>>> print(open('start.cif').read())   # mmCIF, C-alpha atoms
data_structure
loop_
_atom_site.label_atom_id
_atom_site.label_comp_id
_atom_site.auth_asym_id
_atom_site.auth_seq_id
_atom_site.Cartn_x
_atom_site.Cartn_y
_atom_site.Cartn_z
CA MET A 1 85.43 122.07 101.65
CA ASN A 2 81.64 121.79 101.22
CA ALA A 3 79.30 124.78 101.32
CA LEU A 4 78.39 124.32 104.98
CA LYS A 5 82.02 124.10 106.08
CA ALA A 6 82.90 127.15 103.97
CA ALA A 7 80.23 129.27 105.61
CA LEU A 8 81.05 127.98 109.07
CA ALA A 9 84.71 128.83 108.47
CA ALA A 10 83.73 132.35 107.47
CA PHE A 11 81.57 132.61 110.58
CA THR A 12 84.47 131.45 112.76
CA ILE A 13 86.77 134.02 111.17
CA ILE A 14 84.36 136.84 111.94
CA ALA A 15 83.82 135.63 115.50
CA LEU A 16 87.57 135.55 116.06
CA GLN A 17 87.72 139.23 115.18
CA ALA A 18 85.94 139.89 118.46
CA ASN A 19 89.09 138.62 120.20
CA ALA A 20 91.46 140.76 118.14
CA ALA A 21 93.08 142.02 121.35
CA ASP A 22 94.65 138.58 121.73
CA VAL A 23 96.29 138.79 118.28
CA PRO A 24 99.56 140.71 117.74
CA ALA A 25 98.87 144.05 116.07
CA ARG A 26 99.61 144.30 112.35
CA PRO A 27 100.56 147.53 110.60
CA SER A 28 97.78 149.39 108.87
CA THR A 29 97.66 149.16 105.08
CA ALA A 30 94.78 151.61 104.62
CA LEU A 31 95.54 154.48 102.25
CA PRO A 32 94.94 158.17 103.11
CA GLY A 33 91.52 158.15 101.44
CA VAL A 34 90.12 155.81 104.09
CA SER A 35 88.68 157.14 107.34
CA LEU A 36 86.38 156.00 110.12
CA LEU A 37 83.13 157.80 110.75
CA PRO A 38 83.81 159.60 114.05
CA THR A 39 80.81 158.13 115.84
CA GLN A 40 79.14 154.75 115.59
CA LEU A 41 75.55 154.72 114.36
CA GLU A 42 72.53 153.31 116.14
CA MET A 43 70.83 150.43 114.31
CA PRO A 44 67.05 150.81 114.77
CA GLY A 45 65.30 147.58 115.69
CA LEU A 46 68.55 145.79 116.51
CA GLY A 47 69.72 147.63 119.62
CA ARG A 48 73.32 147.87 118.39
CA GLN A 49 75.76 150.42 117.10
CA ARG A 50 77.88 150.08 114.00
CA GLN A 51 81.09 151.57 112.67
CA LEU A 52 81.36 152.88 109.10
CA ARG A 53 84.60 153.09 107.09
CA ILE A 54 84.60 155.63 104.27
CA TYR A 55 86.80 155.69 101.17
CA LEU A 56 87.08 158.94 99.19
CA PRO A 57 88.77 159.09 95.78
CA PRO A 58 92.14 160.90 95.49
CA GLY A 59 90.72 164.08 93.97
CA TYR A 60 87.82 164.50 96.36
CA ALA A 61 89.30 167.24 98.56
CA SER A 62 90.41 169.42 95.64
CA SER A 63 87.30 169.10 93.50
CA HIS A 64 83.66 170.16 93.60
CA LYS A 65 82.47 167.03 91.83
CA ARG A 66 79.80 164.64 93.01
CA TYR A 67 80.56 160.92 93.00
CA PRO A 68 78.76 157.58 92.67
CA VAL A 69 78.60 155.51 95.84
CA LEU A 70 79.23 151.82 96.47
CA TYR A 71 77.96 150.36 99.76
CA MET A 72 79.86 147.29 100.96
CA HIS A 73 79.59 144.85 103.87
CA ASP A 74 82.28 143.38 106.16
CA ALA A 75 84.14 146.69 106.15
CA GLN A 76 86.90 145.39 108.44
CA ASN A 77 88.13 143.34 105.47
CA LEU A 78 87.88 145.95 102.71
CA PHE A 79 90.73 148.42 103.20
CA ASP A 80 93.12 147.40 105.95
CA ASP A 81 95.09 144.28 106.72
CA ALA A 82 95.28 145.41 110.35
CA THR A 83 91.52 145.02 110.84
CA SER A 84 90.98 142.01 108.57
CA TYR A 85 91.29 138.42 109.69
CA ALA A 86 92.18 136.61 106.47
CA GLY A 87 93.44 139.46 104.30
CA GLU A 88 91.85 142.56 102.77
CA TRP A 89 90.08 143.28 99.49
CA LYS A 90 92.45 146.20 98.69
CA VAL A 91 89.46 148.28 97.64
CA ASP A 92 91.34 151.53 98.30
CA GLU A 93 94.44 150.50 96.31
CA THR A 94 92.30 149.33 93.38
CA LEU A 95 90.13 152.44 93.28
CA ASP A 96 93.05 154.83 93.71
CA ALA A 97 94.67 153.23 90.66
CA LEU A 98 91.46 153.39 88.63
CA ALA A 99 90.95 157.06 89.56
CA LYS A 100 94.51 157.98 88.62
CA ALA A 101 94.05 156.18 85.29
CA GLY A 102 90.90 158.20 84.62
CA LYS A 103 88.69 155.10 84.56
CA LEU A 104 86.47 155.38 87.64
CA GLU A 105 86.04 157.51 90.76
CA LEU A 106 83.84 156.25 93.57
CA ILE A 107 82.98 156.85 97.18
CA VAL A 108 82.84 153.56 99.09
CA VAL A 109 80.90 153.20 102.32
CA GLY A 110 81.90 150.10 104.26
CA ILE A 111 79.62 148.85 107.03
CA ASP A 112 81.42 146.80 109.69
CA ASN A 113 80.08 143.29 110.21
CA GLY A 114 78.36 142.38 113.47
CA GLN A 115 80.90 139.65 114.34
CA ASP A 116 78.84 137.02 116.20
CA LYS A 117 75.65 138.56 114.70
CA ARG A 118 76.95 138.44 111.13
CA MET A 119 75.08 135.30 110.08
CA ASN A 120 71.81 136.83 111.27
CA GLU A 121 72.31 140.39 110.04
CA LEU A 122 73.26 139.34 106.52
CA ASN A 123 70.32 136.98 106.00
CA ALA A 124 66.80 138.19 105.28
CA TRP A 125 65.34 134.77 106.09
CA ASP A 126 65.36 132.69 109.26
CA ASN A 127 67.81 129.80 109.20
CA PRO A 128 67.29 126.73 111.42
CA ARG A 129 71.00 126.50 112.18
CA PHE A 130 71.92 130.16 112.62
CA GLY A 131 68.67 131.53 114.00
CA PRO A 132 66.35 134.48 113.34
CA ALA A 133 66.96 136.68 110.34
CA GLU A 134 67.92 140.31 110.88
CA GLY A 135 68.70 141.16 107.27
CA ARG A 136 65.64 143.31 106.74
CA GLN A 137 66.48 145.46 109.76
CA TYR A 138 70.11 145.62 108.65
CA MET A 139 69.14 146.81 105.17
CA ASP A 140 66.65 149.29 106.62
CA PHE A 141 69.57 150.66 108.64
CA ILE A 142 71.64 151.13 105.47
CA VAL A 143 68.80 152.65 103.45
CA LYS A 144 67.15 154.81 106.12
CA VAL A 145 70.08 155.77 108.36
CA VAL A 146 73.42 155.29 106.58
CA LYS A 147 72.55 156.50 103.08
CA PRO A 148 70.82 159.74 104.17
CA LEU A 149 73.80 160.53 106.41
CA ILE A 150 76.31 159.89 103.62
CA ASP A 151 74.32 161.89 101.08
CA SER A 152 74.11 164.86 103.46
CA SER A 153 77.77 164.69 104.54
CA TYR A 154 79.59 163.98 101.27
CA ARG A 155 79.30 165.09 97.65
CA THR A 156 77.44 162.06 96.36
CA LEU A 157 75.31 161.35 93.32
CA PRO A 158 72.41 160.03 95.42
CA ASP A 159 70.10 158.70 92.70
CA ARG A 160 69.71 154.96 92.09
CA GLU A 161 71.63 155.16 88.79
CA HIS A 162 74.79 155.99 90.75
CA THR A 163 74.23 153.78 93.81
CA ALA A 164 75.45 150.19 94.13
CA ILE A 165 75.83 147.51 96.78
CA MET A 166 78.36 144.67 96.98
CA GLY A 167 79.52 141.90 99.28
CA SER A 168 80.80 138.34 99.48
CA SER A 169 79.47 135.12 100.99
CA MET A 170 76.68 136.24 103.34
CA GLY A 171 77.42 139.75 102.08
CA GLY A 172 76.71 138.51 98.56
CA LEU A 173 73.40 137.06 99.73
CA ILE A 174 72.25 140.30 101.39
CA SER A 175 73.41 142.36 98.41
CA HIS A 176 71.20 140.32 96.11
CA PHE A 177 68.32 140.75 98.53
CA ALA A 178 69.01 144.50 98.71
CA ILE A 179 68.76 145.28 95.00
CA ASN A 180 65.45 143.38 94.72
CA GLN A 181 64.02 144.77 97.95
CA TYR A 182 65.11 148.36 97.22
CA PRO A 183 65.18 148.78 93.41
CA LYS A 184 64.50 152.51 93.81
CA VAL A 185 67.68 152.88 95.90
CA PHE A 186 70.18 150.51 94.23
CA SER A 187 70.55 149.92 90.50
CA LYS A 188 73.66 147.72 90.72
CA ALA A 189 74.72 144.76 92.86
CA GLY A 190 77.99 142.86 93.12
CA VAL A 191 77.09 139.39 94.35
CA PHE A 192 80.34 137.57 95.18
CA SER A 193 80.30 133.92 96.32
CA PRO A 194 76.70 134.22 97.56
CA ALA A 195 75.66 131.83 100.34
CA TYR A 196 72.28 130.98 98.81
CA TRP A 197 72.37 127.64 100.64
CA THR A 198 71.60 129.49 103.90
CA ALA A 199 68.43 130.98 102.38
CA PRO A 200 66.59 128.71 99.91
CA GLN A 201 63.71 131.20 100.12
CA SER A 202 65.85 133.65 98.15
CA TYR A 203 65.05 131.96 94.83
CA GLY A 204 61.32 132.50 95.19
CA PHE A 205 61.86 136.05 96.43
CA VAL A 206 63.95 136.99 93.38
CA ALA A 207 61.42 135.33 91.07
CA ARG A 208 58.57 137.36 92.61
CA THR A 209 60.38 140.71 92.58
CA PRO A 210 61.75 141.28 89.07
CA LEU A 211 64.29 144.07 88.73
CA PRO A 212 63.94 147.14 86.52
CA ARG A 213 65.39 146.39 83.11
CA ASP A 214 68.25 148.84 83.61
CA ALA A 215 69.52 147.11 86.78
CA ARG A 216 72.89 145.36 86.70
CA VAL A 217 73.84 142.24 88.65
CA TYR A 218 77.38 140.84 88.71
CA MET A 219 77.47 137.30 90.09
CA LEU A 220 80.82 135.67 90.89
CA MET A 221 81.73 132.22 92.17
CA GLY A 222 84.91 130.20 92.53
CA GLY A 223 84.90 126.71 91.10
CA ASP A 224 86.26 125.20 94.33
CA GLU A 225 84.12 127.02 96.89
CA GLY A 226 81.92 124.10 97.89
CA ASP A 227 79.84 121.15 96.75
CA THR A 228 76.62 123.10 96.10
CA MET A 229 77.69 126.70 95.70
CA VAL A 230 78.34 126.60 91.94
CA PRO A 231 75.00 124.88 91.17
CA ASP A 232 73.29 127.32 93.54
CA VAL A 233 74.61 130.41 91.75
CA GLN A 234 73.80 128.87 88.36
CA HIS A 235 70.26 128.22 89.60
CA MET A 236 69.89 131.82 90.78
CA ALA A 237 71.28 133.17 87.52
CA GLN A 238 68.57 131.28 85.67
CA VAL A 239 65.94 132.66 88.04
CA VAL A 240 67.17 136.18 87.29
CA ARG A 241 67.09 135.51 83.54
CA ASN A 242 63.55 134.19 83.82
CA THR A 243 62.40 137.47 85.37
CA GLY A 244 63.27 139.27 82.14
CA LEU A 245 66.48 141.13 83.06
CA PRO A 246 68.30 141.67 79.74
CA ALA A 247 71.18 139.28 79.19
CA ASP A 248 73.73 142.10 78.95
CA HIS A 249 72.65 143.41 82.35
CA MET A 250 73.77 140.31 84.23
CA VAL A 251 77.16 138.63 84.52
CA LEU A 252 77.70 135.12 85.86
CA LYS A 253 81.42 134.45 86.21
CA ILE A 254 82.68 131.15 87.58
CA VAL A 255 86.45 130.99 88.06
CA PRO A 256 87.87 127.43 87.96
CA GLY A 257 90.03 126.56 90.97
CA ALA A 258 89.14 129.70 92.95
CA HIS A 259 88.34 129.39 96.66
CA HIS A 260 86.14 131.19 99.18
CA ASN A 261 88.48 133.92 100.43
CA GLU A 262 89.43 137.58 100.32
CA GLY A 263 92.33 136.95 97.95
CA PHE A 264 89.90 135.72 95.28
CA TRP A 265 87.45 138.58 95.83
CA SER A 266 90.20 141.18 95.83
CA GLY A 267 91.47 139.95 92.47
CA GLU A 268 87.99 140.14 90.93
CA PHE A 269 86.91 143.49 92.39
CA LYS A 270 88.33 145.69 89.62
CA GLU A 271 86.60 143.87 86.78
CA ALA A 272 83.29 143.78 88.62
CA VAL A 273 83.22 147.42 89.66
CA LEU A 274 84.22 148.63 86.19
CA TRP A 275 81.40 146.62 84.64
CA LEU A 276 78.81 147.74 87.19
CA PHE A 277 79.62 151.42 86.75
CA SER A 278 80.37 151.38 83.02
CA PRO A 279 78.32 153.91 80.99
CA THR A 280 76.88 151.07 78.94
CA THR A 281 76.80 147.36 79.60
CA LYS A 282 79.01 145.11 77.54
#
>>> encode(input="start.cif", output="structure tokens")
Amino acid sequence: MNALKAALAAFTIIALQANAADVPARPSTALPGVSLLPTQLEMPGLGRQRQLRIYLPPGYASSHKRYPVLYMHDAQNLFDDATSYAGEWKVDETLDALAKAGKLELIVVGIDNGQDKRMNELNAWDNPRFGPAEGRQYMDFIVKVVKPLIDSSYRTLPDREHTAIMGSSMGGLISHFAINQYPKVFSKAGVFSPAYWTAPQSYGFVARTPLPRDARVYMLMGGDEGDTMVPDVQHMAQVVRNTGLPADHMVLKIVPGAHHNEGFWSGEFKEAVLWLFSPTTK
């Protein structure tokens, strides 16, 4: 499958979620730490509302601690097989296990995708095939609406040192944009299977907006994701290196034989999140 077909397949999957009523219901796999924000939030400049899905670590209710926060896209696919189309990331299962092992405790804020608007919302640059970009408005929504609400409603560590963003495919693209556009908000980004091919302008943008030297970027790609996607992520990794980010603050991991799907991303989530939130880089 080439890069264009991979992205179009992802777009079709998200669009099909809009017709979930036609699909037999599946049992929920979300753990008790996952909940839906009671009301959907208005998205300024986009004229839409959006659902948030919140994961709290197992000890949250019985502690007075404050926790780092990871913001993630495509929230329907993060925690629950019942709301996913092609499988879930198992973020809640992975983080529950890490918390119980004493390795990492996080709050995760998942932002639902916009279904038929996903290709626009997760791109900060216009694309001749998919239309006008809405990524800047989408990220403004996260930074100016979602994050203040989360920080006022939950016991977070709100500073940039403890705030990360992560996503896959188009979510990987917008996560890379986010850390460069908002370096005072995010200090860490998980960039999984980024669809750089939809936004060739992203290379110049990253080159012009070097990150603080303490930022961390974890870039992941499967070896069988598409004809251009591996060269694209290698190209971007070199752009990042050229901006002066220390070598031990960036990971580029290419997994031979891996494909563009939630099963791959789920299996890589633990390693990535441990590295991003480790006290010192490796």
>>> residues_around(input="start.cif", residues="Met221 of chain A", least_positions_apart="6", cutoff="8 Å", atoms="only C-alpha atoms", output="list in words")
Phe192, Ser193, Pro194, Met229, Val230, Val233, Lys253, Ile254, Val255 and Ala258 of chain A
>>> residues_near_point(input="start.cif", point="(96.4, 139.9, 107.2)", cutoff="10 Å", atoms="all atoms listed in the file", output="PDB file with C-alpha atoms, keeping the file's coordinate frame")
ATOM      1  CA  ARG A  26      99.610 144.300 112.350  1.00  0.00           C
ATOM      2  CA  PRO A  27     100.560 147.530 110.600  1.00  0.00           C
ATOM      3  CA  SER A  28      97.780 149.390 108.870  1.00  0.00           C
ATOM      4  CA  THR A  29      97.660 149.160 105.080  1.00  0.00           C
ATOM      5  CA  ASN A  77      88.130 143.340 105.470  1.00  0.00           C
ATOM      6  CA  ASP A  80      93.120 147.400 105.950  1.00  0.00           C
ATOM      7  CA  ASP A  81      95.090 144.280 106.720  1.00  0.00           C
ATOM      8  CA  ALA A  82      95.280 145.410 110.350  1.00  0.00           C
ATOM      9  CA  THR A  83      91.520 145.020 110.840  1.00  0.00           C
ATOM     10  CA  SER A  84      90.980 142.010 108.570  1.00  0.00           C
ATOM     11  CA  TYR A  85      91.290 138.420 109.690  1.00  0.00           C
ATOM     12  CA  ALA A  86      92.180 136.610 106.470  1.00  0.00           C
ATOM     13  CA  GLY A  87      93.440 139.460 104.300  1.00  0.00           C
ATOM     14  CA  GLU A  88      91.850 142.560 102.770  1.00  0.00           C
TER      15      GLU A  88
END
>>> closest_residue(input="start.cif", among="A:Val91, A:Ala61, A:Met43, A:Ala199", to="Tyr138 of chain A", atoms="all atoms listed in the file")
A:Met43
>>> resolve_selection(input="start.cif", expression="the PyMOL selection byres ((chain A and resi 92-107) around 9)", output="PyMOL selection string")
chain A and resi 30-34+54-59+67-71+78-80+89-91+108-109+154+156+266+269-270+273-274+277-278
>>> write_last_selection(input="start.cif", atoms="C-alpha atoms", output="mmCIF file, in the coordinates of the input")
data_model
loop_
_atom_site.group_PDB
_atom_site.id
_atom_site.type_symbol
_atom_site.label_atom_id
_atom_site.label_comp_id
_atom_site.auth_asym_id
_atom_site.auth_seq_id
_atom_site.Cartn_x
_atom_site.Cartn_y
_atom_site.Cartn_z
ATOM 1 C CA ALA A 30 94.780 151.610 104.620
ATOM 2 C CA LEU A 31 95.540 154.480 102.250
ATOM 3 C CA PRO A 32 94.940 158.170 103.110
ATOM 4 C CA GLY A 33 91.520 158.150 101.440
ATOM 5 C CA VAL A 34 90.120 155.810 104.090
ATOM 6 C CA ILE A 54 84.600 155.630 104.270
ATOM 7 C CA TYR A 55 86.800 155.690 101.170
ATOM 8 C CA LEU A 56 87.080 158.940 99.190
ATOM 9 C CA PRO A 57 88.770 159.090 95.780
ATOM 10 C CA PRO A 58 92.140 160.900 95.490
ATOM 11 C CA GLY A 59 90.720 164.080 93.970
ATOM 12 C CA TYR A 67 80.560 160.920 93.000
ATOM 13 C CA PRO A 68 78.760 157.580 92.670
ATOM 14 C CA VAL A 69 78.600 155.510 95.840
ATOM 15 C CA LEU A 70 79.230 151.820 96.470
ATOM 16 C CA TYR A 71 77.960 150.360 99.760
ATOM 17 C CA LEU A 78 87.880 145.950 102.710
ATOM 18 C CA PHE A 79 90.730 148.420 103.200
ATOM 19 C CA ASP A 80 93.120 147.400 105.950
ATOM 20 C CA TRP A 89 90.080 143.280 99.490
ATOM 21 C CA LYS A 90 92.450 146.200 98.690
ATOM 22 C CA VAL A 91 89.460 148.280 97.640
ATOM 23 C CA VAL A 108 82.840 153.560 99.090
ATOM 24 C CA VAL A 109 80.900 153.200 102.320
ATOM 25 C CA TYR A 154 79.590 163.980 101.270
ATOM 26 C CA THR A 156 77.440 162.060 96.360
ATOM 27 C CA SER A 266 90.200 141.180 95.830
ATOM 28 C CA PHE A 269 86.910 143.490 92.390
ATOM 29 C CA LYS A 270 88.330 145.690 89.620
ATOM 30 C CA VAL A 273 83.220 147.420 89.660
ATOM 31 C CA LEU A 274 84.220 148.630 86.190
ATOM 32 C CA PHE A 277 79.620 151.420 86.750
ATOM 33 C CA SER A 278 80.370 151.380 83.020
#
>>> residues_near_point(input="start.cif", point="(71.7, 158.8, 91.2)", cutoff="10 Å", atoms="all atoms listed in the file", output="list in words")
Tyr67, Pro68, Val69, Thr156, Leu157, Pro158, Asp159, Arg160, Glu161, His162, Thr163, Ala164, Lys184, Val185, Phe186 and Ser187 of chain A
>>> atom_distance(input="start.cif", atom1="atom CA of Met72 of chain A", atom2="atom CA of Asp112 of chain A")
8.9 Å
>>> closest_residue(input="start.cif", among="A:Tyr196, A:Thr209, A:Glu134, A:Pro38", to="Pro231 of chain A", atoms="all atoms listed in the file")
A:Tyr196
>>> atom_distance(input="start.cif", atom1="atom CA of Val191 of chain A", atom2="atom CA of Gly131 of chain A")
22.8 Å
>>> resolve_selection(input="start.cif", expression="the PyMOL selection byres ((chain A and resi 239) around 12)", output="list of chain:residue names")
A:Ser202, A:Tyr203, A:Gly204, A:Phe205, A:Val206, A:Ala207, A:Arg208, A:Thr209, A:Pro210, A:Leu211, A:Asp232, A:Val233, A:Gln234, A:His235, A:Met236, A:Ala237, A:Gln238, A:Val240, A:Arg241, A:Asn242, A:Thr243, A:Gly244, A:Leu245, A:Met250
>>> atom_distance(input="start.cif", atom1="atom CA of Glu225 of chain A", atom2="atom CA of Gly257 of chain A")
8.4 Å
>>> decode(input="start.cif", residues="segment 216-227 of chain A", atoms="all heavy atoms", output="short mmCIF file (atom, residue, chain, number, x, y, z; two decimals), in the first residue's frame")
data_model
loop_
_atom_site.label_atom_id
_atom_site.label_comp_id
_atom_site.auth_asym_id
_atom_site.auth_seq_id
_atom_site.Cartn_x
_atom_site.Cartn_y
_atom_site.Cartn_z
N ARG A 216 11.78 16.86 23.64
CA ARG A 216 11.98 15.46 23.25
C ARG A 216 10.97 15.11 22.15
O ARG A 216 9.79 15.40 22.28
CB ARG A 216 11.77 14.52 24.44
CG ARG A 216 12.69 14.80 25.61
CD ARG A 216 12.48 13.81 26.73
NE ARG A 216 13.21 14.21 27.93
CZ ARG A 216 13.30 13.49 29.03
NH1 ARG A 216 12.69 12.32 29.10
NH2 ARG A 216 13.97 13.93 30.08
N VAL A 217 11.47 14.47 21.11
CA VAL A 217 10.62 14.06 19.99
C VAL A 217 10.88 12.59 19.70
O VAL A 217 12.02 12.19 19.45
CB VAL A 217 10.91 14.90 18.73
CG1 VAL A 217 10.02 14.46 17.57
CG2 VAL A 217 10.71 16.39 19.01
N TYR A 218 9.80 11.80 19.75
CA TYR A 218 9.89 10.36 19.48
C TYR A 218 9.18 10.09 18.17
O TYR A 218 7.96 10.19 18.08
CB TYR A 218 9.23 9.57 20.62
CG TYR A 218 9.50 8.08 20.58
CD1 TYR A 218 10.42 7.50 21.45
CD2 TYR A 218 8.84 7.24 19.69
CE1 TYR A 218 10.67 6.14 21.44
CE2 TYR A 218 9.08 5.88 19.67
CZ TYR A 218 10.00 5.33 20.54
OH TYR A 218 10.24 3.98 20.52
N MET A 219 9.96 9.74 17.14
CA MET A 219 9.42 9.51 15.80
C MET A 219 9.42 8.01 15.50
O MET A 219 10.44 7.34 15.67
CB MET A 219 10.25 10.28 14.77
CG MET A 219 10.33 11.77 15.07
SD MET A 219 11.49 12.67 14.00
CE MET A 219 10.54 12.70 12.50
N LEU A 220 8.27 7.51 15.06
CA LEU A 220 8.10 6.08 14.81
C LEU A 220 7.52 5.86 13.42
O LEU A 220 6.64 6.60 12.98
CB LEU A 220 7.13 5.50 15.85
CG LEU A 220 6.70 4.04 15.66
CD1 LEU A 220 7.84 3.09 16.03
CD2 LEU A 220 5.46 3.73 16.51
N MET A 221 8.01 4.83 12.75
CA MET A 221 7.46 4.47 11.44
C MET A 221 7.59 2.96 11.23
O MET A 221 8.58 2.36 11.66
CB MET A 221 8.20 5.20 10.32
CG MET A 221 7.60 5.00 8.93
SD MET A 221 5.95 5.71 8.73
CE MET A 221 6.33 7.47 8.74
N GLY A 222 6.61 2.38 10.59
CA GLY A 222 6.69 0.98 10.19
C GLY A 222 7.35 0.86 8.83
O GLY A 222 7.14 1.70 7.94
N GLY A 223 8.13 -0.19 8.65
CA GLY A 223 8.85 -0.35 7.40
C GLY A 223 7.96 -0.61 6.20
O GLY A 223 8.37 -0.36 5.06
N ASP A 224 6.73 -1.08 6.42
CA ASP A 224 5.82 -1.39 5.32
C ASP A 224 4.59 -0.48 5.31
O ASP A 224 3.50 -0.88 4.93
CB ASP A 224 5.35 -2.85 5.40
CG ASP A 224 6.46 -3.83 5.05
OD1 ASP A 224 7.50 -3.39 4.51
OD2 ASP A 224 6.32 -5.03 5.34
N GLU A 225 4.76 0.77 5.69
CA GLU A 225 3.62 1.69 5.73
C GLU A 225 3.32 2.34 4.39
O GLU A 225 2.22 2.81 4.17
CB GLU A 225 3.86 2.77 6.79
CG GLU A 225 3.89 2.20 8.20
CD GLU A 225 3.47 3.20 9.25
OE1 GLU A 225 2.51 3.93 9.02
OE2 GLU A 225 4.12 3.25 10.30
N GLY A 226 4.29 2.44 3.51
CA GLY A 226 4.02 3.08 2.23
C GLY A 226 5.31 3.39 1.50
O GLY A 226 6.40 3.40 2.09
N ASP A 227 5.19 3.70 0.22
CA ASP A 227 6.36 3.89 -0.63
C ASP A 227 7.24 5.04 -0.18
O ASP A 227 8.46 4.99 -0.30
CB ASP A 227 5.92 4.12 -2.07
CG ASP A 227 5.26 2.89 -2.68
OD1 ASP A 227 5.48 1.78 -2.15
OD2 ASP A 227 4.51 3.04 -3.67
#
